[in-house]
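Student: Here it is: the structure, laid out below.
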Amino acid sequence: MNPELVGRDFPPTPPYLVGREKVREFSRAVFATEPQHTDPAAARRLGYADVVAPPTFAMVIQDLTLQQLLAEPDSGIALERTVHAEQRFRYTRPIVAGDELTGRLQVTGVRPFGKGAMVTSEAEITDAAGAHVVTAVSVLLIGGEE
Amino acid sequence: MTTSTGSGADALTGLEVGAVVAERTVALTRESLVRYAGASGDFNPIHYRDDVAARVGLPGVLAHGMLTMGLAVETIVEWLGDSGRISEYGVRFTRPVVVDAEDGAELTVVAKVGAVDEETVRVDLTVSHGDTVVLGKAQVRVRTGA
């Protein structure tokens with residue numbers, strides 16, 4: 001695991017357009033049964049333009065940033081030795097169908113843990129206007145070389 | 001201990017620490033895992049292939065941690081009246097959830113008021129598989145203002 005990843009600049013991920021059917025599909029997958037997630041009229045009654053994605057949908061965008069991290073040739077991270085230890089989201093607003101979202105990755109911490117390392121990465125997720133939507137923070141436990 | 005019966009903004013006032021605000025049981029099957037894989041894009045085979053799970057030393061095919069996290073928070077959305085009230089959500093993945101090919105796995109979620117201040121409520125989620133609590137420090141911060 002390479003401690004020099006901390007502070008490295010990663011380009012923003014290409015815009016991800018949140019589709020209504022994708023929100024419905026994800027909602028069903030996480031047993032999200034409230035109508036605001038699937039029924040545009042119910043979402044509009046709450047003041048949203050379209051169906052509201054469940055809170056953990058932000059992971060779909062964060063995943064694009066984690067792919068960037070795994071793709072760094074010097075990252076020292078192999079997926080099969082990676083365990084998801086912690087996850088946090090900090091929201092300015094929920095994700096809504098029609099949003100065009102971009103994630104920007106930052107590695108904020110690498111500390112030794114056994115033979116491997118605990119890596120904290122943050123994805124700041126913004127909308128097409130550049131406004132903050134949600135920050136997703138993952139702590140990954142990266143196993144050491146065999 | 002009391003159980004709140006209301007939902008939406010009115011239910012978010014006068015809360016007492018320790019009160020149960022919502023609870024539910026979710027029955028996961030292998031189909032649930034495949035559905036979540038497709039919806040989220042997380043196709044790690046430890047979530048649907050017994051042979052791969054065994055090869056990497058796992059006790060069986062595991063539920064995605066993000067599936068457990070996602071279904072846990074959704075337990076409180078009916079009570080909240082709007083998932084957009086959630087300002088922060090974090091968990092630690094402390095115990096794996098083995099999903100048996102025939103019997104699946106039943107997860108129980110209990111949501112209690114953990115702390116109250118003027119503008120927010122912290123809701124603590126206890127997510128259990130049988131007698132085992134599978135998430136650590138599963139906390140949701142909720143905006144209670146208008």
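Ordering of the structure tokens sets the chain letters (A, B, ...); residue numbers start at 1 within each chain; ligands are numbered from 1 in the order shown.
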Please report, as number ranges by chain, each residue of chain A to which DSSP assigns helix (DSSP H, G or I) when run on this structure's backbone.
Tutor: A: 3-5, 20-29, 35-37, 40-45, 55-71, 79-81
Student: Skipping near chain neighbours, those fewer than 4 positions away, what residues fall within 9 Å of range 27-39 of chain B using only C-alpha atoms, listed as a list in words?
Tutor: Lys22, Val23, Glu25, Phe26, Ser27, Arg28, Ala29, Val30 and Val60 of chain A; Phe43, Asn44, His47, Tyr48, Val61, Leu62, Ala63, His64, Leu67, Val99, Asp100, Ala101, Glu102, Asp103, Gly104, Ala105, Glu106, Leu107 and Thr108 of chain B
Student: Determine, counting only C-alpha atoms, which protein, DNA and RNA residues have an atom within 9 Å of an atom of range 52-59 of chain B; residues of the same chain fewer than 5 positions away are not included. Present the result as a VMD selection string.
Tutor: (chain A and resid 80) or (chain B and resid 45 to 47 96 98)
Student: Please identify all residues of chain A having at least one atom at most 9 Å from any atom of chain B, considering only C-alpha atoms, and return them as a PyMOL selection string.
Tutor: chain A and resi 22-23+25-34+36+43+46+52-57+59-60+63+80+84-95+137
Student: Dump C-alpha atoms for the selected residues as a PDB file, in the first residue's frame?
Tutor:
```
ATOM      1  CA  LYS A  22     -32.429   2.997 -12.045  1.00  0.00           C
ATOM      2  CA  VAL A  23     -33.720   4.593  -8.842  1.00  0.00           C
ATOM      3  CA  GLU A  25     -34.430  -0.766  -9.489  1.00  0.00           C
ATOM      4  CA  PHE A  26     -32.061   0.237  -6.683  1.00  0.00           C
ATOM      5  CA  SER A  27     -34.983   0.939  -4.334  1.00  0.00           C
ATOM      6  CA  ARG A  28     -36.372  -2.530  -4.879  1.00  0.00           C
ATOM      7  CA  ALA A  29     -32.922  -4.022  -4.263  1.00  0.00           C
ATOM      8  CA  VAL A  30     -32.563  -2.351  -0.826  1.00  0.00           C
ATOM      9  CA  PHE A  31     -36.178  -3.053   0.210  1.00  0.00           C
ATOM     10  CA  ALA A  32     -37.047   0.653  -0.008  1.00  0.00           C
ATOM     11  CA  THR A  33     -40.821   0.676  -0.146  1.00  0.00           C
ATOM     12  CA  GLU A  34     -41.722   4.321   0.455  1.00  0.00           C
ATOM     13  CA  GLN A  36     -41.077   8.797  -2.774  1.00  0.00           C
ATOM     14  CA  ALA A  43     -41.832  12.694  -4.722  1.00  0.00           C
ATOM     15  CA  LEU A  46     -42.460  16.352  -0.999  1.00  0.00           C
ATOM     16  CA  VAL A  52     -35.735  10.269  -4.672  1.00  0.00           C
ATOM     17  CA  ALA A  53     -32.910   7.730  -4.527  1.00  0.00           C
ATOM     18  CA  PRO A  54     -32.443   5.793  -1.266  1.00  0.00           C
ATOM     19  CA  PRO A  55     -29.609   7.191   0.906  1.00  0.00           C
ATOM     20  CA  THR A  56     -27.015   4.571  -0.016  1.00  0.00           C
ATOM     21  CA  PHE A  57     -27.456   5.074  -3.783  1.00  0.00           C
ATOM     22  CA  MET A  59     -22.313   4.397  -3.391  1.00  0.00           C
ATOM     23  CA  VAL A  60     -22.933   3.864  -7.120  1.00  0.00           C
ATOM     24  CA  ASP A  63     -17.733   3.280  -6.754  1.00  0.00           C
ATOM     25  CA  GLU A  80      -9.540  -9.701  -3.626  1.00  0.00           C
ATOM     26  CA  HIS A  84     -14.994  -2.767   3.344  1.00  0.00           C
ATOM     27  CA  ALA A  85     -14.591  -1.787   7.004  1.00  0.00           C
ATOM     28  CA  GLU A  86     -16.637   1.408   7.341  1.00  0.00           C
ATOM     29  CA  GLN A  87     -18.909   3.605   5.251  1.00  0.00           C
ATOM     30  CA  ARG A  88     -20.295   7.088   5.869  1.00  0.00           C
ATOM     31  CA  PHE A  89     -22.344   9.590   3.891  1.00  0.00           C
ATOM     32  CA  ARG A  90     -22.769  13.301   4.595  1.00  0.00           C
ATOM     33  CA  TYR A  91     -25.673  14.802   2.662  1.00  0.00           C
ATOM     34  CA  THR A  92     -26.505  18.327   1.599  1.00  0.00           C
ATOM     35  CA  ARG A  93     -29.546  16.962  -0.224  1.00  0.00           C
ATOM     36  CA  PRO A  94     -30.800  13.594  -1.462  1.00  0.00           C
ATOM     37  CA  ILE A  95     -30.049  12.330  -4.970  1.00  0.00           C
ATOM     38  CA  VAL A 137     -16.370   8.191   2.899  1.00  0.00           C
TER      39      VAL A 137
END
```
Student: Based on DSSP run over this structure's backbone, return all residues of chain B in strand (DSSP E), as JSON, numbers by chain.
Tutor: {"B": [20, 21, 22, 23, 24, 25, 26, 27, 28, 86, 87, 88, 89, 90, 91, 92, 93, 105, 106, 107, 108, 109, 110, 111, 112, 113, 114, 115, 116, 120, 121, 122, 123, 124, 125, 126, 127, 128, 129, 132, 133, 135, 136, 137, 138, 139, 140, 141, 142, 143]}
Student: Atoms to include: C-alpha atoms. Write the selected residues as a CSV table (one decimal), in the first residue's frame.
Tutor:
```csv
chain,number,residue,atom,x,y,z
B,20,VAL,CA,-38.0,2.8,19.4
B,21,VAL,CA,-39.1,4.7,16.3
B,22,ALA,CA,-39.3,1.9,13.7
B,23,GLU,CA,-38.4,-1.7,13.3
B,24,ARG,CA,-38.7,-4.4,10.7
B,25,THR,CA,-37.5,-7.8,9.6
B,26,VAL,CA,-36.1,-8.4,6.1
B,27,ALA,CA,-35.8,-11.9,4.6
B,28,LEU,CA,-32.7,-12.1,2.3
B,86,ILE,CA,-31.1,12.4,6.6
B,87,SER,CA,-28.0,14.6,6.9
B,88,GLU,CA,-25.5,11.8,7.8
B,89,TYR,CA,-25.4,8.0,7.9
B,90,GLY,CA,-22.5,5.8,8.9
B,91,VAL,CA,-21.8,2.2,9.8
B,92,ARG,CA,-19.0,-0.2,10.6
B,93,PHE,CA,-19.2,-3.6,8.9
B,105,ALA,CA,-30.9,-15.0,6.1
B,106,GLU,CA,-33.3,-13.0,8.2
B,107,LEU,CA,-32.1,-9.5,9.3
B,108,THR,CA,-33.9,-7.6,12.1
B,109,VAL,CA,-33.6,-3.8,12.2
B,110,VAL,CA,-34.5,-1.8,15.4
B,111,ALA,CA,-34.2,2.0,15.2
B,112,LYS,CA,-34.0,3.9,18.5
B,113,VAL,CA,-33.5,7.5,19.4
B,114,GLY,CA,-29.8,7.8,20.4
B,115,ALA,CA,-29.5,11.5,21.1
B,116,VAL,CA,-31.6,14.7,20.6
B,120,THR,CA,-31.2,17.1,14.8
B,121,VAL,CA,-32.0,13.6,16.2
B,122,ARG,CA,-29.5,10.8,16.1
B,123,VAL,CA,-31.1,7.5,15.4
B,124,ASP,CA,-29.2,4.3,16.3
B,125,LEU,CA,-29.8,1.2,14.2
B,126,THR,CA,-29.3,-2.3,15.6
B,127,VAL,CA,-29.1,-4.8,12.8
B,128,SER,CA,-29.1,-8.4,13.9
B,129,HIS,CA,-28.8,-11.8,12.1
B,132,THR,CA,-25.4,-11.6,16.1
B,133,VAL,CA,-25.3,-7.8,15.6
B,135,LEU,CA,-23.2,-3.5,12.0
B,136,GLY,CA,-21.3,-1.4,14.4
B,137,LYS,CA,-22.1,2.2,15.3
B,138,ALA,CA,-24.9,2.4,12.7
B,139,GLN,CA,-26.0,5.9,13.3
B,140,VAL,CA,-28.3,8.2,11.2
B,141,ARG,CA,-28.4,11.9,11.8
B,142,VAL,CA,-31.8,13.5,10.9
B,143,ARG,CA,-32.8,17.1,10.5
```
Student: Just how far from CA of Gly116 in chain A is CA of Leu64 in chain A, in Å to one decimal?
Tutor: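 Computing the Euclidean distance for CA of Leu64 in chain A and CA of Gly116 in chain A yields 23.3 Å.
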Student: Tell me which of A:Thr102, A:Thr108, A:Thr13, A:Thr120 sits closest to Gln68 in chain A, counting only C-alpha atoms.
Tutor: A:Thr13
Student: To one decimal place in Å, what is the distance between CA of Asp9 in chain A and CA of Thr82 in chain A?
Tutor: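 Atom-to-atom, CA of Asp9 in chain A to CA of Thr82 in chain A, that is 22.2 Å.
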Student: If we count only C-alpha atoms and set the cut-off at 12 Å, which residues sit around Leu70 in chain A, ignoring sequence neighbours fewer than 4 positions away in its own chain? Please answer as number ranges by chain.
Tutor: A: 1-2, 5, 63-66, 74-82, 105, 107, 119, 121, 140, 142
Student: Tell me, in Å to one decimal, how far CA of Pro3 in chain A is from CA of Met118 in chain A.
Tutor: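 Result for CA of Pro3 in chain A versus CA of Met118 in chain A: 10.5 Å, one decimal.
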